[in-house]
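Reviewing the structure listed below.
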Amino acid sequence: MIGNKTSSNLNSVNFVDFINPKLLHPQSRKIQLIQHNKSIKLLKNYQKISQIFTEFQSPIIVNRIIIKNESLNSIQNSQQSLDKERQTSKIENETTKKPRLNSLQNSLPQISFTIMNTQFKINDLNRNSNIILQTHKSDTKRSIIPHKLKPSSNMPIKSYTCNSIITGSSKDSNSHVGNTQQCNTAKKIIYSYYGKPRKRKLNVTAKSFVVYNCIEHKTILKRKSNKKVEVASLTKIMTFYVTLLTIELLNLNVKQIKVKVTKKASQMIGTTAELQYNDILSIEDLLYGLMLPSGNDAAVLIAQAIGTIILFHQQNKILDLKLLDIEQLSTDGYYYNNEFRFQYCPIEIFMKQMNQYSLKIGQKNTQFACVHGMANEDNYSCCNDIITLSIECLKYELFKTVISCKEYQVKTLQKQYEWKNTNKLLDKGFFGIKTGITDSAGPCLASVYNSNEMDYYIIIVLNCKNLNMRFDDTIILLQHAKQKNDDLN
């Protein structure tokens with residue numbers, strides 16, 4: 001502030017005018033020679049004036065202040081001499097008047113004010129940068145950095161070394177380290193006054209969710225990912241998985257196994273595939289009816305058929321797979337154990353396989369008590385376990401084909417079936433996996449997004465606000481995951 005005020009005042013001052021206005025008129029040659037010789041003597045005898053150093057003033061500004069004070073004194077002396085000279089005649093003044101002796105400072109070559117202002121700005125910037133970079137060495141009473149952010153003198157200073165052969169010259173590396181330290185210090189200063197910027201809040205209604213990056217094999221976003229909750233029709237993913245494993249283990253063909261619709265399956269409530277009693281469909285058809293319209297009747301019929309196949313395989317009995325009539329087999333007593341006198345239930349056999357495979361793939365907070373996912377307190381899982389199950393299912397091409405199908409039609413002897421996928425995200429880069437809803441579990445959704453080689457995510461949302469919000473929440477989580485992944489890369 002002192003330097004700016006001084007420079008602005010000095011720019012409007014002409015020292016020669018204030019010292020002696022008569023010098024503006026042409027002088028005699030003799031007087032000019034006398035003044036010139038004396039100025040040369042003064043320059044030879046000049047000794048450097050000691051300068052005052054202060055914290056907020058540069059040496060040049062202090063020197064200019066001294067010059068101004070001395071010039072004002074010389075102006076007063078010159079005015080007194082002018083009053084005396086008016087009493088004498090002009091001739092006596094020319095002969096008797098002694099030439100003016102300039103002060104030491106005025107006799108020296110003057111520095112232009114533009115250079116002085118530029119130098120002051122440079123010194124001021126250097127001083128501020130030194131205060132920021134070396135706060136622990138500053139003697140200022142009012143430091144820019146709060147006391148809590150000042151480094152402790154007892155803390156050891158880290159020495160940064162750089163191999164010039166690998167990363168470049170040591171000067172460049174040291175300058176880079178210095179720049180990073182300066183940026184970090186500046187951030188700390190800003191955060192100390194204004195606080196750290198808030199993280200972008202996830203505005204989703206799902207009470208628990210997980211976003212998993214299949215390429216990097218890590219979780220990107222999550223909320224209550226291990227909480228045990230009912231997962232509604234997401235249970236059908238496990239029903240599909242057990243069916244695939246059984247078919248693969250016994251080396252069977254899903255297209256060749258025909259199943260007759262039972263009365264129990266046709267009477268299922270909720271979301272159904274509208275299976276007609278005594279109609280005949282293949283296991284492949286039933287898998288489409290299981291996933292696309294989320295058919296509870298298809299889930300029950302699949303569990304009865306696969307449970308029967310597992311039971312006959314364990315008892316080493318021959319089973320005609322061209323037509324599985326489960327009700328006729330039950331009537332013939334194939335499910336009755338004469339030794340222990342109890343009736344086998346193929347659905348319970350299937351659920352036992354579901355829980356066994358659940359432990360094998362690493363699900364820790366999951367228990368299956370039904371094959372369709374209708375309201376049942378004993379049928380629960382969590383987001384992380386659904387991610388684990390989805391990863392295992394995505395290894396099978398049949399699973400990918402079914403979950404990515406938008407419509408499926410099949411014609412039987414009794415009926416023409418047309419099933420549409422309940423997943424509304426298939427047109428937005430997603431290709432599955434399963435929707436679900438119950439009063440206790442709320443709207444749920446398991447989705448897979450794979451647009452290119454860099455984006456491959458599995459997103460699970462549980463207990464959303466309503467049916468449409470489960471799709472909106474999935475899109476919001478995907479956008480956050482992409483942004484976070486870009487920030488990390």
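Ordering of the structure tokens sets the chain letters (A, B, ...), residue numbers begin anew at 1 in every chain, and ligands are numbered from 1 in the order given.
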*With a distance cut-off of 10 Å and only C-alpha atoms, select the neighbouring residues of Gln267 of chain A, excluding the residue or stretch itself and same-chain residues fewer than 6 positions from it, and output the selection as a list in words.*
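That gives Glu274, Leu275, Gln276, Tyr277, Asn296 and Asp297 of chain A.
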*For segment 301-308 of chain A, work out the shell of residues within 7 Å, counting only C-alpha atoms and skipping chain neighbours fewer than 3 positions away, then give it as a list in words.*
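Contacts, with the query itself left out: Thr243, Val259, Val261, Ala265, Leu286, Asp297, Ala298, Leu311, Phe312, Pro346, Ile347, Ile349 and Phe350 of chain A.
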_Taking only C-alpha atoms into account, name the residue in A:Thr401, A:Asn365, A:Asn376, A:Gln356 that is nearest to Leu245 of chain A._
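So, comparing all the options, the nearest one is A:Gln356.
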*Per-residue DSSP, segment 394-429 of chain A, filtered to helix (DSSP H, G or I), as a ChimeraX atom specification*: /A:397-403,426-428
So that I have them on file, write out the residues from the current selection with all heavy atoms, as a short mmCIF file (atom, residue, chain, number, x, y, z; two decimals), in the first residue's frame.
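Done, and the output landed in result19.cif:
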```cif
data_model
loop_
_atom_site.label_atom_id
_atom_site.label_comp_id
_atom_site.auth_asym_id
_atom_site.auth_seq_id
_atom_site.Cartn_x
_atom_site.Cartn_y
_atom_site.Cartn_z
N GLU A 397 -24.27 -68.91 -21.69
CA GLU A 397 -24.84 -68.21 -22.85
C GLU A 397 -26.36 -68.28 -22.85
O GLU A 397 -27.02 -67.33 -23.28
CB GLU A 397 -24.28 -68.81 -24.14
CG GLU A 397 -22.81 -68.54 -24.37
CD GLU A 397 -22.51 -67.05 -24.51
OE1 GLU A 397 -23.40 -66.33 -25.04
OE2 GLU A 397 -21.43 -66.60 -24.11
N LEU A 398 -26.94 -69.37 -22.39
CA LEU A 398 -28.38 -69.48 -22.36
C LEU A 398 -28.99 -68.44 -21.42
O LEU A 398 -30.03 -67.84 -21.73
CB LEU A 398 -28.79 -70.89 -21.92
CG LEU A 398 -30.30 -71.16 -21.82
CD1 LEU A 398 -30.98 -70.94 -23.18
CD2 LEU A 398 -30.57 -72.58 -21.31
N PHE A 399 -28.33 -68.19 -20.32
CA PHE A 399 -28.81 -67.17 -19.38
C PHE A 399 -28.78 -65.79 -20.02
O PHE A 399 -29.74 -65.02 -19.91
CB PHE A 399 -27.95 -67.20 -18.11
CG PHE A 399 -28.39 -66.23 -17.06
CD1 PHE A 399 -29.45 -66.53 -16.21
CD2 PHE A 399 -27.75 -65.01 -16.90
CE1 PHE A 399 -29.86 -65.64 -15.24
CE2 PHE A 399 -28.15 -64.12 -15.92
CZ PHE A 399 -29.21 -64.43 -15.09
N LYS A 400 -27.70 -65.47 -20.72
CA LYS A 400 -27.60 -64.17 -21.40
C LYS A 400 -28.67 -64.03 -22.48
O LYS A 400 -29.25 -62.96 -22.66
CB LYS A 400 -26.21 -64.01 -22.03
CG LYS A 400 -25.08 -63.90 -21.03
CD LYS A 400 -23.76 -63.73 -21.75
CE LYS A 400 -22.59 -63.63 -20.80
NZ LYS A 400 -21.30 -63.48 -21.52
N THR A 401 -28.92 -65.13 -23.19
CA THR A 401 -29.92 -65.08 -24.26
C THR A 401 -31.31 -64.84 -23.71
O THR A 401 -32.09 -64.04 -24.26
CB THR A 401 -29.89 -66.40 -25.06
OG1 THR A 401 -28.56 -66.61 -25.56
CG2 THR A 401 -30.84 -66.34 -26.23
N VAL A 402 -31.65 -65.49 -22.62
CA VAL A 402 -33.00 -65.38 -22.06
C VAL A 402 -33.23 -63.99 -21.47
O VAL A 402 -34.26 -63.35 -21.74
CB VAL A 402 -33.23 -66.47 -21.00
CG1 VAL A 402 -34.56 -66.24 -20.28
CG2 VAL A 402 -33.22 -67.84 -21.65
N ILE A 403 -32.28 -63.48 -20.68
CA ILE A 403 -32.51 -62.20 -19.99
C ILE A 403 -32.48 -61.02 -20.95
O ILE A 403 -33.03 -59.96 -20.64
CB ILE A 403 -31.47 -61.99 -18.87
CG1 ILE A 403 -30.05 -61.88 -19.45
CG2 ILE A 403 -31.57 -63.10 -17.84
CD1 ILE A 403 -29.00 -61.56 -18.42
N LEU A 426 -34.01 -52.47 -21.30
CA LEU A 426 -33.35 -53.22 -22.37
C LEU A 426 -33.04 -52.33 -23.58
O LEU A 426 -32.14 -52.64 -24.35
CB LEU A 426 -34.22 -54.40 -22.80
CG LEU A 426 -34.47 -55.47 -21.73
CD1 LEU A 426 -35.34 -56.59 -22.30
CD2 LEU A 426 -33.16 -56.04 -21.22
N ASP A 427 -33.77 -51.24 -23.76
CA ASP A 427 -33.53 -50.34 -24.88
C ASP A 427 -32.51 -49.26 -24.56
O ASP A 427 -32.26 -48.38 -25.39
CB ASP A 427 -34.85 -49.66 -25.31
CG ASP A 427 -35.86 -50.66 -25.81
OD1 ASP A 427 -35.43 -51.69 -26.38
OD2 ASP A 427 -37.08 -50.43 -25.64
N LYS A 428 -31.92 -49.30 -23.37
CA LYS A 428 -30.99 -48.24 -22.95
C LYS A 428 -29.61 -48.78 -22.63
O LYS A 428 -28.92 -48.28 -21.73
CB LYS A 428 -31.57 -47.51 -21.73
CG LYS A 428 -32.91 -46.86 -22.00
CD LYS A 428 -33.44 -46.16 -20.77
CE LYS A 428 -34.80 -45.52 -21.05
NZ LYS A 428 -35.35 -44.81 -19.87
#
```
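Here the question is which of A:Gln479, A:Ala369, A:Ser440, A:Asp487 gets nearest to Asn203 of chain A using only C-alpha atoms, and that residue is A:Gln479.
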Compile a residue-level contact table for segment 222-341 of chain A against segment 451-463 of chain A at a cut-off of 12 Å, reporting for every qualifying residue the shortest atom pair and its distance in Å to one decimal, with only C-alpha atoms counted, rows ordered by chain and ascending number, as CSV.
```
residue,atom,partner,partner_atom,distance
A:Lys222,CA,A:Ile460,CA,9.3
A:Arg223,CA,A:Val461,CA,9.5
A:Lys224,CA,A:Leu462,CA,10.0
A:Ser225,CA,A:Ile460,CA,9.3
A:Asn226,CA,A:Leu462,CA,11.6
A:Lys227,CA,A:Leu462,CA,10.3
A:Lys228,CA,A:Leu462,CA,10.6
A:Val229,CA,A:Leu462,CA,8.3
A:Glu230,CA,A:Leu462,CA,8.6
A:Val231,CA,A:Leu462,CA,7.1
A:Ala232,CA,A:Leu462,CA,9.2
A:Ser233,CA,A:Leu462,CA,11.2
A:Leu234,CA,A:Leu462,CA,9.8
```
*State, in Å with one decimal place, the distance from atom CA of Trp419 of chain A to atom CA of Glu407 of chain A.*
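Between atom CA of Trp419 of chain A and atom CA of Glu407 of chain A the gap is 5.6 Å.
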_Nearby residues (only C-alpha atoms) at most 12 Å from Ala446 of chain A, same-chain spacing under 3 positions excluded, as a VMD selection string_ = chain A and resid 209 to 212 231 to 237 291 382 to 391 403 422 to 425 430 to 437 443 449 457 to 463 470 to 471 473 to 474
Generate the output file for the selected residues, N, CA and C atoms, as a CSV table (one decimal), in the first residue's frame.
```csv
chain,number,residue,atom,x,y,z
A,209,PHE,N,-28.3,-50.9,-2.2
A,209,PHE,CA,-27.9,-51.1,-3.6
A,209,PHE,C,-26.4,-51.3,-3.7
A,210,VAL,N,-26.0,-51.8,-4.8
A,210,VAL,CA,-24.6,-52.1,-5.1
A,210,VAL,C,-24.3,-51.9,-6.6
A,211,VAL,N,-23.2,-51.2,-7.0
A,211,VAL,CA,-22.8,-51.1,-8.4
A,211,VAL,C,-21.4,-51.8,-8.4
A,212,TYR,N,-21.3,-52.8,-9.3
A,212,TYR,CA,-20.1,-53.7,-9.4
A,212,TYR,C,-19.5,-53.5,-10.7
A,231,VAL,N,-35.8,-60.5,-1.3
A,231,VAL,CA,-35.4,-60.1,-2.6
A,231,VAL,C,-36.4,-60.4,-3.7
A,232,ALA,N,-37.7,-60.7,-3.3
A,232,ALA,CA,-38.8,-60.9,-4.2
A,232,ALA,C,-38.4,-61.8,-5.3
A,233,SER,N,-38.8,-61.5,-6.6
A,233,SER,CA,-38.6,-62.3,-7.7
A,233,SER,C,-37.1,-62.5,-8.2
A,234,LEU,N,-36.2,-61.7,-7.5
A,234,LEU,CA,-34.8,-62.0,-7.8
A,234,LEU,C,-34.4,-63.4,-7.4
A,235,THR,N,-35.2,-64.0,-6.6
A,235,THR,CA,-35.0,-65.5,-6.2
A,235,THR,C,-35.0,-66.3,-7.5
A,236,LYS,N,-35.7,-65.9,-8.5
A,236,LYS,CA,-35.8,-66.7,-9.8
A,236,LYS,C,-34.5,-66.8,-10.5
A,237,ILE,N,-33.5,-65.9,-10.1
A,237,ILE,CA,-32.2,-66.0,-10.7
A,237,ILE,C,-31.5,-67.3,-10.2
A,291,MET,N,-38.4,-65.9,-16.5
A,291,MET,CA,-37.7,-64.7,-16.5
A,291,MET,C,-38.4,-63.5,-17.1
A,382,CYS,N,-29.0,-60.5,0.1
A,382,CYS,CA,-28.5,-59.2,0.2
A,382,CYS,C,-27.9,-58.8,-1.2
A,383,CYS,N,-27.5,-57.5,-1.3
A,383,CYS,CA,-27.0,-57.0,-2.6
A,383,CYS,C,-25.7,-57.7,-3.0
A,384,ASN,N,-24.8,-57.9,-2.1
A,384,ASN,CA,-23.5,-58.5,-2.5
A,384,ASN,C,-23.7,-60.0,-2.9
A,385,ASP,N,-24.6,-60.7,-2.3
A,385,ASP,CA,-24.9,-62.1,-2.7
A,385,ASP,C,-25.5,-62.2,-4.0
A,386,ILE,N,-26.4,-61.2,-4.3
A,386,ILE,CA,-27.0,-61.2,-5.7
A,386,ILE,C,-26.0,-60.9,-6.7
A,387,ILE,N,-25.0,-60.0,-6.4
A,387,ILE,CA,-23.9,-59.8,-7.3
A,387,ILE,C,-23.2,-61.0,-7.6
A,388,THR,N,-22.8,-61.8,-6.6
A,388,THR,CA,-22.1,-63.0,-6.7
A,388,THR,C,-22.9,-64.0,-7.6
A,389,LEU,N,-24.2,-64.2,-7.3
A,389,LEU,CA,-25.0,-65.1,-8.1
A,389,LEU,C,-25.1,-64.6,-9.6
A,390,SER,N,-25.2,-63.3,-9.8
A,390,SER,CA,-25.3,-62.8,-11.2
A,390,SER,C,-24.0,-63.1,-12.0
A,391,ILE,N,-22.9,-62.9,-11.3
A,391,ILE,CA,-21.6,-63.2,-12.0
A,391,ILE,C,-21.5,-64.6,-12.4
A,403,ILE,N,-32.3,-63.5,-20.7
A,403,ILE,CA,-32.5,-62.2,-20.0
A,403,ILE,C,-32.5,-61.0,-21.0
A,422,THR,N,-40.4,-57.7,-18.5
A,422,THR,CA,-40.8,-56.6,-17.7
A,422,THR,C,-39.7,-55.6,-17.4
A,423,ASN,N,-38.5,-55.9,-17.9
A,423,ASN,CA,-37.4,-54.9,-17.7
A,423,ASN,C,-37.4,-53.8,-18.8
A,424,LYS,N,-37.7,-52.6,-18.4
A,424,LYS,CA,-37.8,-51.5,-19.3
A,424,LYS,C,-36.5,-50.9,-19.7
A,425,LEU,N,-35.4,-51.4,-19.2
A,425,LEU,CA,-34.1,-50.8,-19.5
A,425,LEU,C,-33.3,-51.5,-20.7
A,430,PHE,N,-28.9,-51.8,-21.4
A,430,PHE,CA,-28.9,-52.9,-20.5
A,430,PHE,C,-29.4,-54.2,-21.2
A,431,PHE,N,-29.1,-55.3,-20.7
A,431,PHE,CA,-29.6,-56.6,-21.2
A,431,PHE,C,-30.0,-57.6,-20.2
A,432,GLY,N,-30.6,-57.1,-19.1
A,432,GLY,CA,-31.1,-58.0,-18.0
A,432,GLY,C,-31.0,-57.3,-16.7
A,433,ILE,N,-31.2,-58.0,-15.6
A,433,ILE,CA,-31.3,-59.4,-15.4
A,433,ILE,C,-32.7,-59.8,-15.0
A,434,LYS,N,-33.2,-59.2,-13.9
A,434,LYS,CA,-34.5,-59.6,-13.4
A,434,LYS,C,-35.2,-58.5,-12.6
A,435,THR,N,-36.5,-58.4,-12.7
A,435,THR,CA,-37.3,-57.5,-11.9
A,435,THR,C,-38.0,-58.3,-10.8
A,436,GLY,N,-38.5,-57.5,-9.8
A,436,GLY,CA,-39.2,-58.2,-8.7
A,436,GLY,C,-39.9,-57.2,-7.8
A,437,ILE,N,-41.0,-57.6,-7.2
A,437,ILE,CA,-41.8,-56.8,-6.3
A,437,ILE,C,-42.6,-57.6,-5.4
A,443,PRO,N,-40.2,-52.8,-4.6
A,443,PRO,CA,-39.7,-53.0,-6.0
A,443,PRO,C,-38.2,-53.3,-6.0
A,449,TYR,N,-25.2,-53.8,-17.4
A,449,TYR,CA,-25.0,-52.8,-18.4
A,449,TYR,C,-23.6,-53.1,-19.1
A,457,TYR,N,-21.1,-53.2,-16.0
A,457,TYR,CA,-21.5,-53.1,-14.6
A,457,TYR,C,-22.7,-54.0,-14.3
A,458,ILE,N,-22.7,-54.4,-13.1
A,458,ILE,CA,-23.9,-55.1,-12.5
A,458,ILE,C,-24.4,-54.2,-11.4
A,459,ILE,N,-25.7,-53.9,-11.5
A,459,ILE,CA,-26.4,-52.9,-10.6
A,459,ILE,C,-27.6,-53.6,-9.9
A,460,ILE,N,-27.6,-53.6,-8.6
A,460,ILE,CA,-28.6,-54.2,-7.8
A,460,ILE,C,-29.3,-53.2,-6.9
A,461,VAL,N,-30.6,-53.0,-7.1
A,461,VAL,CA,-31.3,-52.0,-6.2
A,461,VAL,C,-32.5,-52.8,-5.5
A,462,LEU,N,-32.6,-52.6,-4.2
A,462,LEU,CA,-33.6,-53.3,-3.4
A,462,LEU,C,-34.4,-52.3,-2.7
A,463,ASN,N,-35.7,-52.6,-2.6
A,463,ASN,CA,-36.7,-51.8,-1.8
A,463,ASN,C,-36.7,-50.4,-2.3
A,470,ARG,N,-37.3,-47.8,-9.5
A,470,ARG,CA,-36.2,-48.8,-9.6
A,470,ARG,C,-35.4,-48.7,-10.9
A,471,PHE,N,-36.1,-48.3,-12.0
A,471,PHE,CA,-35.4,-48.1,-13.2
A,471,PHE,C,-34.6,-46.7,-13.2
A,473,ASP,N,-33.5,-45.2,-10.4
A,473,ASP,CA,-32.3,-45.4,-9.5
A,473,ASP,C,-31.2,-46.1,-10.2
A,474,THR,N,-31.5,-47.1,-11.0
A,474,THR,CA,-30.4,-47.8,-11.7
A,474,THR,C,-29.7,-46.9,-12.7
```
_List as a VMD selection string the protein and nucleic acid residues near Lys258 of chain A, meaning an atom at most 7 Å away when only C-alpha atoms are counted, but skip any in the same chain fewer than 6 places from it._
chain A and resid 280 to 283 321 to 324
Write a file of the selected residues as a PDB file, in the first residue's frame, keeping all heavy atoms.
```
ATOM      1  N   ILE A 280     -48.308 -78.858 -22.400  1.00  0.00           N
ATOM      2  CA  ILE A 280     -46.950 -79.428 -22.428  1.00  0.00           C
ATOM      3  C   ILE A 280     -45.987 -78.384 -22.995  1.00  0.00           C
ATOM      4  O   ILE A 280     -46.199 -77.867 -24.100  1.00  0.00           O
ATOM      5  CB  ILE A 280     -46.918 -80.714 -23.276  1.00  0.00           C
ATOM      6  CG1 ILE A 280     -47.863 -81.770 -22.667  1.00  0.00           C
ATOM      7  CG2 ILE A 280     -45.502 -81.257 -23.360  1.00  0.00           C
ATOM      8  CD1 ILE A 280     -48.017 -83.017 -23.522  1.00  0.00           C
ATOM      9  N   LEU A 281     -44.914 -78.116 -22.232  1.00  0.00           N
ATOM     10  CA  LEU A 281     -43.870 -77.173 -22.663  1.00  0.00           C
ATOM     11  C   LEU A 281     -42.507 -77.768 -22.354  1.00  0.00           C
ATOM     12  O   LEU A 281     -42.366 -78.640 -21.482  1.00  0.00           O
ATOM     13  CB  LEU A 281     -44.013 -75.822 -21.962  1.00  0.00           C
ATOM     14  CG  LEU A 281     -45.252 -74.985 -22.272  1.00  0.00           C
ATOM     15  CD1 LEU A 281     -46.353 -75.275 -21.254  1.00  0.00           C
ATOM     16  CD2 LEU A 281     -44.909 -73.506 -22.299  1.00  0.00           C
ATOM     17  N   SER A 282     -41.494 -77.293 -23.041  1.00  0.00           N
ATOM     18  CA  SER A 282     -40.123 -77.736 -22.788  1.00  0.00           C
ATOM     19  C   SER A 282     -39.520 -76.926 -21.642  1.00  0.00           C
ATOM     20  O   SER A 282     -40.023 -75.853 -21.272  1.00  0.00           O
ATOM     21  CB  SER A 282     -39.270 -77.587 -24.046  1.00  0.00           C
ATOM     22  OG  SER A 282     -39.115 -76.221 -24.379  1.00  0.00           O
ATOM     23  N   ILE A 283     -38.417 -77.418 -21.109  1.00  0.00           N
ATOM     24  CA  ILE A 283     -37.710 -76.688 -20.046  1.00  0.00           C
ATOM     25  C   ILE A 283     -37.215 -75.335 -20.567  1.00  0.00           C
ATOM     26  O   ILE A 283     -37.238 -74.334 -19.845  1.00  0.00           O
ATOM     27  CB  ILE A 283     -36.541 -77.527 -19.503  1.00  0.00           C
ATOM     28  CG1 ILE A 283     -37.056 -78.782 -18.793  1.00  0.00           C
ATOM     29  CG2 ILE A 283     -35.680 -76.721 -18.554  1.00  0.00           C
ATOM     30  CD1 ILE A 283     -37.821 -78.504 -17.518  1.00  0.00           C
ATOM     31  N   LEU A 321     -37.736 -88.633 -20.120  1.00  0.00           N
ATOM     32  CA  LEU A 321     -37.664 -87.175 -20.198  1.00  0.00           C
ATOM     33  C   LEU A 321     -38.428 -86.597 -21.381  1.00  0.00           C
ATOM     34  O   LEU A 321     -38.515 -85.374 -21.498  1.00  0.00           O
ATOM     35  CB  LEU A 321     -36.194 -86.730 -20.262  1.00  0.00           C
ATOM     36  CG  LEU A 321     -35.325 -87.121 -19.052  1.00  0.00           C
ATOM     37  CD1 LEU A 321     -33.893 -86.680 -19.264  1.00  0.00           C
ATOM     38  CD2 LEU A 321     -35.894 -86.518 -17.776  1.00  0.00           C
ATOM     39  N   LYS A 322     -38.957 -87.467 -22.250  1.00  0.00           N
ATOM     40  CA  LYS A 322     -39.732 -86.944 -23.378  1.00  0.00           C
ATOM     41  C   LYS A 322     -41.057 -86.351 -22.916  1.00  0.00           C
ATOM     42  O   LYS A 322     -41.578 -85.444 -23.556  1.00  0.00           O
ATOM     43  CB  LYS A 322     -39.984 -88.068 -24.385  1.00  0.00           C
ATOM     44  CG  LYS A 322     -38.713 -88.543 -25.068  1.00  0.00           C
ATOM     45  CD  LYS A 322     -39.026 -89.640 -26.083  1.00  0.00           C
ATOM     46  CE  LYS A 322     -37.743 -90.120 -26.761  1.00  0.00           C
ATOM     47  NZ  LYS A 322     -38.023 -91.201 -27.764  1.00  0.00           N
ATOM     48  N   LEU A 323     -41.549 -86.846 -21.776  1.00  0.00           N
ATOM     49  CA  LEU A 323     -42.757 -86.283 -21.190  1.00  0.00           C
ATOM     50  C   LEU A 323     -42.765 -86.571 -19.694  1.00  0.00           C
ATOM     51  O   LEU A 323     -42.904 -87.725 -19.276  1.00  0.00           O
ATOM     52  CB  LEU A 323     -44.018 -86.862 -21.841  1.00  0.00           C
ATOM     53  CG  LEU A 323     -45.346 -86.314 -21.292  1.00  0.00           C
ATOM     54  CD1 LEU A 323     -45.427 -84.794 -21.492  1.00  0.00           C
ATOM     55  CD2 LEU A 323     -46.522 -87.003 -21.942  1.00  0.00           C
ATOM     56  N   LEU A 324     -42.588 -85.499 -18.920  1.00  0.00           N
ATOM     57  CA  LEU A 324     -42.609 -85.613 -17.467  1.00  0.00           C
ATOM     58  C   LEU A 324     -44.013 -85.280 -16.966  1.00  0.00           C
ATOM     59  O   LEU A 324     -44.423 -84.114 -16.966  1.00  0.00           O
ATOM     60  CB  LEU A 324     -41.582 -84.658 -16.844  1.00  0.00           C
ATOM     61  CG  LEU A 324     -40.133 -85.141 -16.755  1.00  0.00           C
ATOM     62  CD1 LEU A 324     -39.243 -84.026 -16.204  1.00  0.00           C
ATOM     63  CD2 LEU A 324     -40.027 -86.367 -15.878  1.00  0.00           C
TER      64      LEU A 324
END
```
*Have a look at atom CA of Asn466 of chain A and atom CA of Val371 of chain A and let me know their distance in Å, one decimal.*
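Answer for the atom CA of Asn466 of chain A to atom CA of Val371 of chain A separation: 23.8 Å.
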*DSSP strand (DSSP E or B) residues within segment 344-471 of chain A, as a PyMOL selection string*: chain A and resi 367+380-381+407-411+416-420+430-436+444-450+456-462
